[in-house]
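protein.txt follows (compact mmCIF, C-alpha atoms):
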# COMPACT_ATOMS: atom_id res chain seq x y z
CA MET A 1 -5.73 -66.28 24.70
CA LYS A 2 -6.86 -65.07 28.11
CA TYR A 3 -9.76 -62.71 27.67
CA ILE A 4 -10.48 -59.90 30.12
CA CYS A 5 -13.94 -61.41 30.59
CA ALA A 6 -12.34 -64.62 31.82
CA THR A 7 -10.31 -62.93 34.55
CA ILE A 8 -13.25 -62.54 36.96
CA PRO A 9 -13.18 -65.90 38.77
CA ARG A 10 -16.43 -65.53 40.70
CA MET A 11 -18.53 -65.28 37.54
CA ASP A 12 -19.98 -68.40 35.98
CA LYS A 13 -19.63 -68.91 32.23
CA ARG A 14 -23.02 -67.40 31.45
CA ALA A 15 -22.23 -64.22 33.41
CA LYS A 16 -18.88 -63.94 31.67
CA GLY A 17 -20.66 -64.35 28.34
CA ILE A 18 -23.06 -61.52 29.21
CA LEU A 19 -20.19 -59.23 30.24
CA CYS A 20 -18.34 -60.02 27.03
CA ILE A 21 -21.37 -59.41 24.82
CA LEU A 22 -22.08 -56.03 26.48
CA THR A 23 -18.45 -55.05 25.94
CA SER A 24 -18.73 -56.15 22.33
CA ALA A 25 -21.96 -54.18 21.81
CA PHE A 26 -20.40 -50.93 23.03
CA SER A 27 -17.22 -51.51 21.03
CA PHE A 28 -19.11 -52.12 17.78
CA ALA A 29 -21.30 -49.05 18.38
CA VAL A 30 -18.13 -46.96 18.74
CA MET A 31 -16.73 -48.64 15.62
CA ASN A 32 -19.80 -47.66 13.58
CA MET A 33 -19.52 -44.07 14.78
CA PHE A 34 -15.90 -43.82 13.65
CA VAL A 35 -16.74 -45.54 10.33
CA ARG A 36 -19.36 -42.87 9.69
CA LEU A 37 -16.98 -40.10 10.79
CA SER A 38 -14.38 -41.32 8.29
CA GLY A 39 -16.47 -39.78 5.51
CA ASP A 40 -16.93 -40.63 1.84
CA ILE A 41 -14.51 -43.54 1.55
CA PRO A 42 -15.89 -46.69 -0.15
CA SER A 43 -17.20 -49.32 2.26
CA ILE A 44 -14.76 -51.95 0.92
CA GLU A 45 -11.81 -49.68 1.68
CA LYS A 46 -13.15 -49.04 5.18
CA SER A 47 -13.54 -52.78 5.67
CA PHE A 48 -9.92 -53.41 4.67
CA PHE A 49 -8.52 -50.95 7.19
CA ARG A 50 -10.90 -52.14 9.90
CA ASN A 51 -9.73 -55.74 9.48
CA ALA A 52 -6.08 -54.80 8.99
CA ILE A 53 -6.06 -53.16 12.42
CA ALA A 54 -7.88 -56.13 13.95
CA ALA A 55 -5.38 -58.53 12.37
CA ILE A 56 -2.43 -56.55 13.76
CA VAL A 57 -3.97 -56.48 17.25
CA ALA A 58 -4.69 -60.22 17.11
CA LEU A 59 -1.17 -60.98 15.91
CA ILE A 60 0.38 -58.87 18.68
CA ILE A 61 -1.71 -60.72 21.29
CA VAL A 62 -0.75 -64.11 19.86
CA ILE A 63 2.95 -63.19 19.86
CA SER A 64 2.90 -61.56 23.30
CA GLU A 65 1.28 -64.61 24.87
CA ARG A 66 3.50 -66.95 22.87
CA GLU A 67 0.56 -68.83 21.48
CA GLU A 68 1.11 -71.27 18.69
CA ILE A 69 -0.86 -70.46 15.54
CA LYS A 70 -2.02 -73.94 14.74
CA ILE A 71 -4.96 -74.77 12.49
CA GLU A 72 -6.19 -78.33 12.24
CA ARG A 73 -7.21 -79.47 8.79
CA LYS A 74 -10.66 -80.44 10.08
CA ASP A 75 -11.22 -76.88 11.33
CA LEU A 76 -10.22 -75.14 8.10
CA PRO A 77 -13.64 -75.41 6.36
CA LEU A 78 -15.38 -73.83 9.37
CA LEU A 79 -12.77 -71.07 9.56
CA LEU A 80 -13.27 -70.32 5.86
CA ILE A 81 -17.05 -70.25 6.26
CA ARG A 82 -16.79 -68.01 9.32
CA SER A 83 -14.47 -65.67 7.42
CA ALA A 84 -16.47 -65.57 4.19
CA VAL A 85 -19.87 -64.89 5.74
CA GLY A 86 -18.26 -62.58 8.29
CA THR A 87 -16.81 -60.49 5.46
CA VAL A 88 -20.27 -60.27 3.89
CA GLY A 89 -21.58 -59.16 7.28
CA ILE A 90 -18.99 -56.39 7.62
CA LEU A 91 -19.43 -55.07 4.08
CA GLY A 92 -23.21 -55.02 4.48
CA ASN A 93 -22.99 -53.29 7.85
CA PHE A 94 -20.51 -50.65 6.68
CA TYR A 95 -22.60 -49.84 3.63
CA ALA A 96 -25.68 -49.44 5.83
CA VAL A 97 -23.77 -47.29 8.35
CA ASP A 98 -22.75 -44.95 5.51
CA HIS A 99 -26.28 -44.58 4.12
CA LEU A 100 -28.66 -44.98 7.09
CA ILE A 101 -28.84 -43.50 10.56
CA LEU A 102 -26.66 -45.43 13.00
CA SER A 103 -29.49 -46.98 15.01
CA ASP A 104 -31.26 -48.27 11.85
CA ALA A 105 -28.04 -49.79 10.51
CA THR A 106 -27.32 -51.33 13.91
CA MET A 107 -30.77 -52.83 14.31
CA LEU A 108 -30.62 -54.46 10.88
CA ASN A 109 -27.26 -55.92 11.83
CA LYS A 110 -28.78 -57.06 15.13
CA MET A 111 -30.95 -59.50 13.21
CA SER A 112 -27.82 -61.65 13.50
CA PRO A 113 -28.77 -63.34 16.83
CA PHE A 114 -31.98 -64.64 15.25
CA PHE A 115 -30.04 -66.04 12.33
CA THR A 116 -27.44 -67.43 14.74
CA LEU A 117 -30.26 -69.30 16.47
CA LEU A 118 -31.68 -70.49 13.15
CA PHE A 119 -28.31 -71.56 11.74
CA SER A 120 -27.38 -73.24 15.04
CA PHE A 121 -30.54 -75.31 14.69
CA LEU A 122 -29.84 -76.17 11.05
CA PHE A 123 -26.11 -76.86 11.23
CA LEU A 124 -25.18 -77.45 14.88
CA LYS A 125 -28.36 -79.37 15.77
CA GLU A 126 -29.04 -77.09 18.76
CA GLY A 127 -32.73 -77.38 19.57
CA ILE A 128 -35.32 -74.79 18.53
CA SER A 129 -39.02 -75.05 19.32
CA PHE A 130 -41.98 -74.00 17.20
CA LYS A 131 -42.51 -71.04 19.56
CA LYS A 132 -38.96 -69.83 18.94
CA MET A 133 -39.38 -70.21 15.21
CA LEU A 134 -42.43 -67.93 15.44
CA LEU A 135 -40.29 -65.38 17.30
CA VAL A 136 -37.70 -65.47 14.51
CA ILE A 137 -40.50 -64.77 12.01
CA GLY A 138 -41.74 -61.95 14.26
CA ALA A 139 -38.27 -60.40 14.29
CA PHE A 140 -38.17 -60.55 10.49
CA ILE A 141 -41.52 -58.72 10.36
CA GLY A 142 -40.06 -56.09 12.69
CA SER A 143 -37.12 -55.62 10.33
CA LEU A 144 -39.57 -54.82 7.52
CA PHE A 145 -40.67 -51.67 9.37
CA ILE A 146 -37.05 -50.51 9.27
CA ILE A 147 -36.39 -51.62 5.69
CA ARG A 148 -39.81 -50.40 4.44
CA PRO A 149 -39.65 -52.33 1.14
CA THR A 150 -41.39 -49.78 -1.09
CA PHE A 151 -40.09 -47.85 -4.07
CA SER A 152 -40.78 -44.62 -2.20
CA ASN A 153 -38.08 -45.52 0.33
CA GLN A 154 -34.91 -43.87 -0.97
CA ASN A 155 -32.82 -45.96 1.42
CA LEU A 156 -34.31 -49.29 0.35
CA LEU A 157 -31.09 -50.64 -1.20
CA ALA A 158 -29.01 -49.67 1.84
CA SER A 159 -31.61 -51.26 4.14
CA ILE A 160 -31.59 -54.54 2.19
CA ILE A 161 -27.78 -54.63 2.14
CA GLY A 162 -27.77 -53.94 5.89
CA PHE A 163 -30.20 -56.83 6.41
CA ILE A 164 -27.97 -59.15 4.35
CA GLY A 165 -25.10 -58.02 6.55
CA GLY A 166 -27.08 -59.21 9.57
CA VAL A 167 -27.60 -62.60 7.94
CA GLY A 168 -23.86 -62.84 7.29
CA ALA A 169 -23.04 -61.92 10.89
CA GLY A 170 -25.46 -64.58 12.14
CA GLY A 171 -23.73 -67.21 10.03
CA ALA A 172 -20.33 -66.03 11.26
CA TYR A 173 -21.30 -66.29 14.95
CA THR A 174 -22.72 -69.76 14.36
CA ALA A 175 -19.34 -70.83 12.99
CA VAL A 176 -17.62 -69.18 15.97
CA ARG A 177 -19.83 -71.23 18.29
CA ALA A 178 -18.92 -74.43 16.43
CA LEU A 179 -15.21 -73.60 16.46
CA GLY A 180 -15.38 -72.80 20.17
CA LYS A 181 -16.86 -76.23 20.84
CA ARG A 182 -13.88 -77.73 19.05
CA GLY A 183 -11.48 -75.79 21.25
CA VAL A 184 -10.14 -73.44 18.58
CA LYS A 185 -8.60 -70.41 20.29
CA GLY A 186 -10.38 -67.09 19.90
CA SER A 187 -7.21 -65.28 18.86
CA VAL A 188 -6.73 -67.74 16.01
CA ILE A 189 -10.35 -67.25 14.87
CA VAL A 190 -10.02 -63.45 14.90
CA LEU A 191 -6.62 -63.47 13.19
CA PHE A 192 -7.74 -65.88 10.47
CA PHE A 193 -10.93 -63.93 9.78
CA SER A 194 -9.20 -60.54 9.72
CA ALA A 195 -6.44 -61.75 7.40
CA PHE A 196 -8.96 -63.46 5.11
CA SER A 197 -11.11 -60.32 4.84
CA CYS A 198 -8.05 -58.18 4.08
CA LEU A 199 -6.99 -60.52 1.28
CA VAL A 200 -10.49 -60.54 -0.21
CA THR A 201 -10.76 -56.73 -0.28
CA LEU A 202 -7.11 -56.05 -1.24
CA PRO A 203 -7.65 -56.29 -5.04
CA TYR A 204 -10.23 -53.49 -4.84
CA LEU A 205 -7.71 -51.24 -3.11
CA ILE A 206 -5.03 -52.02 -5.69
CA PHE A 207 -7.20 -51.08 -8.66
CA ASP A 208 -9.46 -48.38 -7.17
CA PHE A 209 -7.80 -46.86 -4.11
CA HIS A 210 -9.33 -43.63 -2.80
CA PRO A 211 -6.75 -41.35 -1.11
CA MET A 212 -7.54 -40.41 2.49
CA THR A 213 -6.86 -37.37 4.62
CA ILE A 214 -4.99 -37.71 7.92
CA LYS A 215 -8.29 -37.26 9.78
CA GLN A 216 -9.96 -40.04 7.79
CA LEU A 217 -7.03 -42.37 8.43
CA ILE A 218 -7.19 -41.66 12.17
CA MET A 219 -10.94 -42.36 12.19
CA LEU A 220 -10.38 -45.72 10.48
CA ILE A 221 -7.58 -46.63 12.87
CA LEU A 222 -9.90 -45.87 15.79
CA ALA A 223 -12.67 -47.86 14.10
CA GLY A 224 -10.32 -50.81 13.63
CA THR A 225 -9.19 -50.65 17.25
CA ALA A 226 -12.80 -50.61 18.49
CA ALA A 227 -13.61 -53.45 16.09
CA ALA A 228 -10.75 -55.54 17.45
CA CYS A 229 -12.08 -55.08 21.00
CA GLY A 230 -15.58 -55.99 19.84
CA GLN A 231 -14.38 -59.00 17.85
CA PHE A 232 -12.44 -60.51 20.72
CA ALA A 233 -15.33 -59.86 23.11
CA ILE A 234 -18.00 -61.42 20.85
CA THR A 235 -15.76 -64.40 20.11
CA ALA A 236 -15.29 -64.94 23.85
CA ALA A 237 -19.02 -64.49 24.52
CA TYR A 238 -20.12 -67.31 22.21
CA ARG A 239 -17.34 -69.53 23.53
CA PHE A 240 -18.57 -69.02 27.11
CA ALA A 241 -22.27 -69.59 26.44
CA PRO A 242 -24.70 -70.61 23.68
CA ALA A 243 -26.50 -67.95 21.66
CA ARG A 244 -29.89 -68.78 23.16
CA GLU A 245 -28.69 -67.69 26.64
CA ILE A 246 -26.89 -64.41 25.92
CA SER A 247 -27.93 -63.03 22.51
CA ILE A 248 -30.59 -60.74 24.04
CA TYR A 249 -27.85 -58.58 25.57
CA ASP A 250 -26.39 -57.87 22.14
CA TYR A 251 -29.32 -55.49 21.55
CA SER A 252 -27.73 -53.01 23.93
CA GLN A 253 -25.73 -51.93 20.87
CA VAL A 254 -28.88 -50.29 19.48
CA ILE A 255 -29.10 -48.12 22.60
CA PHE A 256 -25.41 -47.27 22.40
CA SER A 257 -25.74 -46.47 18.69
CA ALA A 258 -28.81 -44.29 19.17
CA ILE A 259 -26.99 -42.26 21.84
CA LEU A 260 -23.80 -41.92 19.79
CA GLY A 261 -25.79 -41.15 16.62
CA TYR A 262 -27.61 -38.33 18.37
CA ILE A 263 -24.44 -36.92 19.96
CA ALA A 264 -22.20 -37.17 16.89
CA PHE A 265 -24.67 -36.64 14.02
CA SER A 266 -27.92 -35.31 15.59
CA GLN A 267 -29.74 -38.39 14.22
CA ILE A 268 -33.25 -39.23 15.45
CA PRO A 269 -35.04 -42.38 14.16
CA ASP A 270 -38.55 -41.95 12.73
CA GLY A 271 -41.72 -43.58 14.04
CA TRP A 272 -41.57 -46.61 11.72
CA SER A 273 -38.01 -47.35 12.82
CA PHE A 274 -39.00 -47.14 16.48
CA LEU A 275 -41.86 -49.56 15.79
CA GLY A 276 -39.44 -51.96 14.12
CA TYR A 277 -37.00 -51.64 17.03
CA GLY A 278 -39.80 -52.36 19.48
CA ILE A 279 -40.98 -55.49 17.65
CA ILE A 280 -37.48 -56.93 17.25
CA ILE A 281 -36.48 -56.22 20.84
CA LEU A 282 -39.79 -57.68 22.06
CA MET A 283 -39.12 -60.86 20.05
CA ALA A 284 -35.63 -61.00 21.52
CA LEU A 285 -36.99 -60.55 25.04
CA LEU A 286 -39.59 -63.29 24.53
CA MET A 287 -36.85 -65.51 23.14
CA TYR A 288 -34.77 -64.87 26.23
CA ILE A 289 -37.70 -65.65 28.55
CA ALA A 290 -38.42 -68.87 26.65
CA ASN A 291 -34.78 -69.90 26.94
CA ARG A 292 -34.74 -69.22 30.67
CA LYS A 293 -37.85 -71.38 31.12
CA GLY A 294 -36.38 -74.08 28.94
CA ASP A 295 -39.23 -73.94 26.40

Show the structure stored in the file as structure tokens.
Amino acid sequence: MKYICATIPRMDKRAKGILCILTSAFSFAVMNMFVRLSGDIPSIEKSFFRNAIAAIVALIIVISEREEIKIERKDLPLLLIRSAVGTVGILGNFYAVDHLILSDATMLNKMSPFFTLLFSFLFLKEGISFKKMLLVIGAFIGSLFIIRPTFSNQNLLASIIGFIGGVGAGGAYTAVRALGKRGVKGSVIVLFFSAFSCLVTLPYLIFDFHPMTIKQLIMLILAGTAAACGQFAITAAYRFAPAREISIYDYSQVIFSAILGYIAFSQIPDGWSFLGYGIIILMALLMYIANRKGD
């Protein structure tokens, strides 16, 4: 699979990774907007259609480029892990998008780079210093200002589910990084994940399908198309460069989401959310600086 990001020969791998992750951030922000615009459809149903579109796009790309869909037995466990935790990440994110303002839901999902770093240390043996571990803890503290774990917070459940979605996404991207090191093609990773997620959510649709209007169906098709763009871009990003070098740029999605949330839904985050955003982005910036210095 030849990604758009790879077609700029003068860029080094890190620059290509940054371009890909910015493309992914914008695509996923657009996806969340269309998911919200699709209305009162259950999150599981939205997830099915999102991944069905992504699977179709991935399959078309594989066929058009005459790629062989080949999965080595040794790679199957990692593909299953990536797909399982990725499905958890999507379901958590979609639930949060439906019940929180877009920027809050996005920021909780953007805890994923910190968990990618943590999981990369635990499972891929990529180094992490004590300073970076403190930054991960700082980011978690920042997330608490968004979640606000008190009984007076009516959106507490949605915030917790959104946070769990971020953990799932972090695990998924760690698996993507490991699969990339093994040379597994990005199109195969996306296709496998999308098909897996569709199969997991299909029983729900069979037994509890909620009919959709034409407008809702169009919104989900657009969400799935944006998701496919984002999925290919993020898969390429972590194949080009390690998380510690490019994950900071993923936070541009919060800016994109805040702008789209204001334009489409007139949403404005409250002071506590802004404080949480600031802490998490500061931790991400410090993490980036530490990585650049080699600390």

Surrounding residues of segment 57-65 of chain A excluding itself and chain neighbours under 5 positions, 12 Å, only C-alpha atoms, as an mmCIF file with C-alpha atoms, in the frame of the given file:
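What follows is the written file around.cif:
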data_model
loop_
_atom_site.group_PDB
_atom_site.id
_atom_site.type_symbol
_atom_site.label_atom_id
_atom_site.label_comp_id
_atom_site.auth_asym_id
_atom_site.auth_seq_id
_atom_site.Cartn_x
_atom_site.Cartn_y
_atom_site.Cartn_z
ATOM 1 C CA MET A 1 -5.730 -66.280 24.700
ATOM 2 C CA LYS A 2 -6.860 -65.070 28.110
ATOM 3 C CA TYR A 3 -9.760 -62.710 27.670
ATOM 4 C CA ARG A 50 -10.900 -52.140 9.900
ATOM 5 C CA ASN A 51 -9.730 -55.740 9.480
ATOM 6 C CA ALA A 52 -6.080 -54.800 8.990
ATOM 7 C CA LYS A 70 -2.020 -73.940 14.740
ATOM 8 C CA LYS A 185 -8.600 -70.410 20.290
ATOM 9 C CA GLY A 186 -10.380 -67.090 19.900
ATOM 10 C CA SER A 187 -7.210 -65.280 18.860
ATOM 11 C CA VAL A 188 -6.730 -67.740 16.010
ATOM 12 C CA ILE A 189 -10.350 -67.250 14.870
ATOM 13 C CA VAL A 190 -10.020 -63.450 14.900
ATOM 14 C CA LEU A 191 -6.620 -63.470 13.190
ATOM 15 C CA PHE A 192 -7.740 -65.880 10.470
ATOM 16 C CA PHE A 193 -10.930 -63.930 9.780
ATOM 17 C CA SER A 194 -9.200 -60.540 9.720
ATOM 18 C CA ALA A 195 -6.440 -61.750 7.400
ATOM 19 C CA ILE A 221 -7.580 -46.630 12.870
ATOM 20 C CA GLY A 224 -10.320 -50.810 13.630
ATOM 21 C CA THR A 225 -9.190 -50.650 17.250
ATOM 22 C CA ALA A 226 -12.800 -50.610 18.490
ATOM 23 C CA ALA A 227 -13.610 -53.450 16.090
ATOM 24 C CA ALA A 228 -10.750 -55.540 17.450
ATOM 25 C CA CYS A 229 -12.080 -55.080 21.000
ATOM 26 C CA GLY A 230 -15.580 -55.990 19.840
ATOM 27 C CA GLN A 231 -14.380 -59.000 17.850
ATOM 28 C CA PHE A 232 -12.440 -60.510 20.720
#

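Closest approach to Gly278 of chain A among A:Ser143, A:Ser27, A:Ser257, A:Gln154 is made by A:Ser143 (distances from all atoms listed in the file).
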
Within 10 Å of segment 166-170 of chain A, counting only C-alpha atoms, which residues qualify if same-chain residues fewer than 3 places away don't, as a PDB file with C-alpha atoms, in the frame of the given file?
ATOM      1  CA  ARG A  82     -16.790 -68.010   9.320  1.00  0.00           C
ATOM      2  CA  SER A  83     -14.470 -65.670   7.420  1.00  0.00           C
ATOM      3  CA  ALA A  84     -16.470 -65.570   4.190  1.00  0.00           C
ATOM      4  CA  VAL A  85     -19.870 -64.890   5.740  1.00  0.00           C
ATOM      5  CA  GLY A  86     -18.260 -62.580   8.290  1.00  0.00           C
ATOM      6  CA  THR A  87     -16.810 -60.490   5.460  1.00  0.00           C
ATOM      7  CA  VAL A  88     -20.270 -60.270   3.890  1.00  0.00           C
ATOM      8  CA  GLY A  89     -21.580 -59.160   7.280  1.00  0.00           C
ATOM      9  CA  ILE A  90     -18.990 -56.390   7.620  1.00  0.00           C
ATOM     10  CA  LEU A  91     -19.430 -55.070   4.080  1.00  0.00           C
ATOM     11  CA  GLY A  92     -23.210 -55.020   4.480  1.00  0.00           C
ATOM     12  CA  ASN A  93     -22.990 -53.290   7.850  1.00  0.00           C
ATOM     13  CA  ALA A 105     -28.040 -49.790  10.510  1.00  0.00           C
ATOM     14  CA  THR A 106     -27.320 -51.330  13.910  1.00  0.00           C
ATOM     15  CA  MET A 107     -30.770 -52.830  14.310  1.00  0.00           C
ATOM     16  CA  LEU A 108     -30.620 -54.460  10.880  1.00  0.00           C
ATOM     17  CA  ASN A 109     -27.260 -55.920  11.830  1.00  0.00           C
ATOM     18  CA  LYS A 110     -28.780 -57.060  15.130  1.00  0.00           C
ATOM     19  CA  MET A 111     -30.950 -59.500  13.210  1.00  0.00           C
ATOM     20  CA  SER A 112     -27.820 -61.650  13.500  1.00  0.00           C
ATOM     21  CA  PRO A 113     -28.770 -63.340  16.830  1.00  0.00           C
ATOM     22  CA  PHE A 114     -31.980 -64.640  15.250  1.00  0.00           C
ATOM     23  CA  PHE A 115     -30.040 -66.040  12.330  1.00  0.00           C
ATOM     24  CA  THR A 116     -27.440 -67.430  14.740  1.00  0.00           C
ATOM     25  CA  LEU A 117     -30.260 -69.300  16.470  1.00  0.00           C
ATOM     26  CA  LEU A 118     -31.680 -70.490  13.150  1.00  0.00           C
ATOM     27  CA  PHE A 119     -28.310 -71.560  11.740  1.00  0.00           C
ATOM     28  CA  SER A 120     -27.380 -73.240  15.040  1.00  0.00           C
ATOM     29  CA  ILE A 160     -31.590 -54.540   2.190  1.00  0.00           C
ATOM     30  CA  ILE A 161     -27.780 -54.630   2.140  1.00  0.00           C
ATOM     31  CA  GLY A 162     -27.770 -53.940   5.890  1.00  0.00           C
ATOM     32  CA  PHE A 163     -30.200 -56.830   6.410  1.00  0.00           C
ATOM     33  CA  TYR A 173     -21.300 -66.290  14.950  1.00  0.00           C
ATOM     34  CA  THR A 174     -22.720 -69.760  14.360  1.00  0.00           C
ATOM     35  CA  ALA A 175     -19.340 -70.830  12.990  1.00  0.00           C
ATOM     36  CA  VAL A 176     -17.620 -69.180  15.970  1.00  0.00           C
TER      37      VAL A 176
END

Within 12 Å of (-21.3, -35.5, 16.4) (coordinates as in the file), grab all the protein and nucleic acid residues, counting all atoms listed in the file, and write them out as a PDB file with C-alpha atoms, keeping the file's coordinate frame.
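After the write, selection-v3.pdb holds the following:
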ATOM      1  CA  MET A  33     -19.520 -44.070  14.780  1.00  0.00           C
ATOM      2  CA  PHE A  34     -15.900 -43.820  13.650  1.00  0.00           C
ATOM      3  CA  ARG A  36     -19.360 -42.870   9.690  1.00  0.00           C
ATOM      4  CA  LEU A  37     -16.980 -40.100  10.790  1.00  0.00           C
ATOM      5  CA  LEU A 102     -26.660 -45.430  13.000  1.00  0.00           C
ATOM      6  CA  ALA A 258     -28.810 -44.290  19.170  1.00  0.00           C
ATOM      7  CA  ILE A 259     -26.990 -42.260  21.840  1.00  0.00           C
ATOM      8  CA  LEU A 260     -23.800 -41.920  19.790  1.00  0.00           C
ATOM      9  CA  GLY A 261     -25.790 -41.150  16.620  1.00  0.00           C
ATOM     10  CA  TYR A 262     -27.610 -38.330  18.370  1.00  0.00           C
ATOM     11  CA  ILE A 263     -24.440 -36.920  19.960  1.00  0.00           C
ATOM     12  CA  ALA A 264     -22.200 -37.170  16.890  1.00  0.00           C
ATOM     13  CA  PHE A 265     -24.670 -36.640  14.020  1.00  0.00           C
ATOM     14  CA  SER A 266     -27.920 -35.310  15.590  1.00  0.00           C
ATOM     15  CA  GLN A 267     -29.740 -38.390  14.220  1.00  0.00           C
TER      16      GLN A 267
END

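Separating atom CA of Leu80 of chain A from atom CA of Ile56 of chain A is a distance of 19.2 Å.
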
- line: Students should find that atom CA of Ser159 of chain A and atom CA of Ile147 of chain A are spaced 5.0 Å

message: Give me, as a ChimeraX atom specification, all polymer residues having an atom no more than 10 Å from Ile41 of chain A, counting all atoms listed in the file and skipping those fewer than 2 positions away in the same chain.
response: /A:35-36,38-39,43-46,98,209-212,216

query: With distances taken over all atoms listed in the file, which of A:Tyr251, A:Phe130, A:Phe240, A:Phe28 is nearest to Gly180 of chain A?
result: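 Using all atoms listed in the file, Gly180 of chain A sits closest to A:Phe240.
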
- prompt: What separation in Å, quoted to one decimal, exists between atom CA of Ile53 of chain A and atom CA of Leu222 of chain A?
  reply: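 Taking atom CA of Ile53 of chain A as the start and atom CA of Leu222 of chain A as the end point, the length is 8.9 Å.
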
- prompt: Lys132 of chain A: which residues within 9 Å, counting only C-alpha atoms, same-chain residues fewer than 5 positions away excluded, as a ChimeraX atom specification?
  reply: /A:137,286-287,290,295

message: Could you list, as a ChimeraX atom specification, every residue within 8 Å of Ser273 of chain A, counting only C-alpha atoms and ignoring same-chain residues fewer than 5 positions away?
response: /A:104,145-146

Let's have the selection written as a PDB file, in the coordinates of the input, with C-alpha atoms.
ATOM      1  CA  ASP A 104     -31.260 -48.270  11.850  1.00  0.00           C
ATOM      2  CA  PHE A 145     -40.670 -51.670   9.370  1.00  0.00           C
ATOM      3  CA  ILE A 146     -37.050 -50.510   9.270  1.00  0.00           C
TER       4      ILE A 146
END

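Using all atoms listed in the file, the smallest distance between any of A:Leu202, A:Ala55, A:Ala241, A:Ile128 and Leu19 of chain A comes from A:Ala241.
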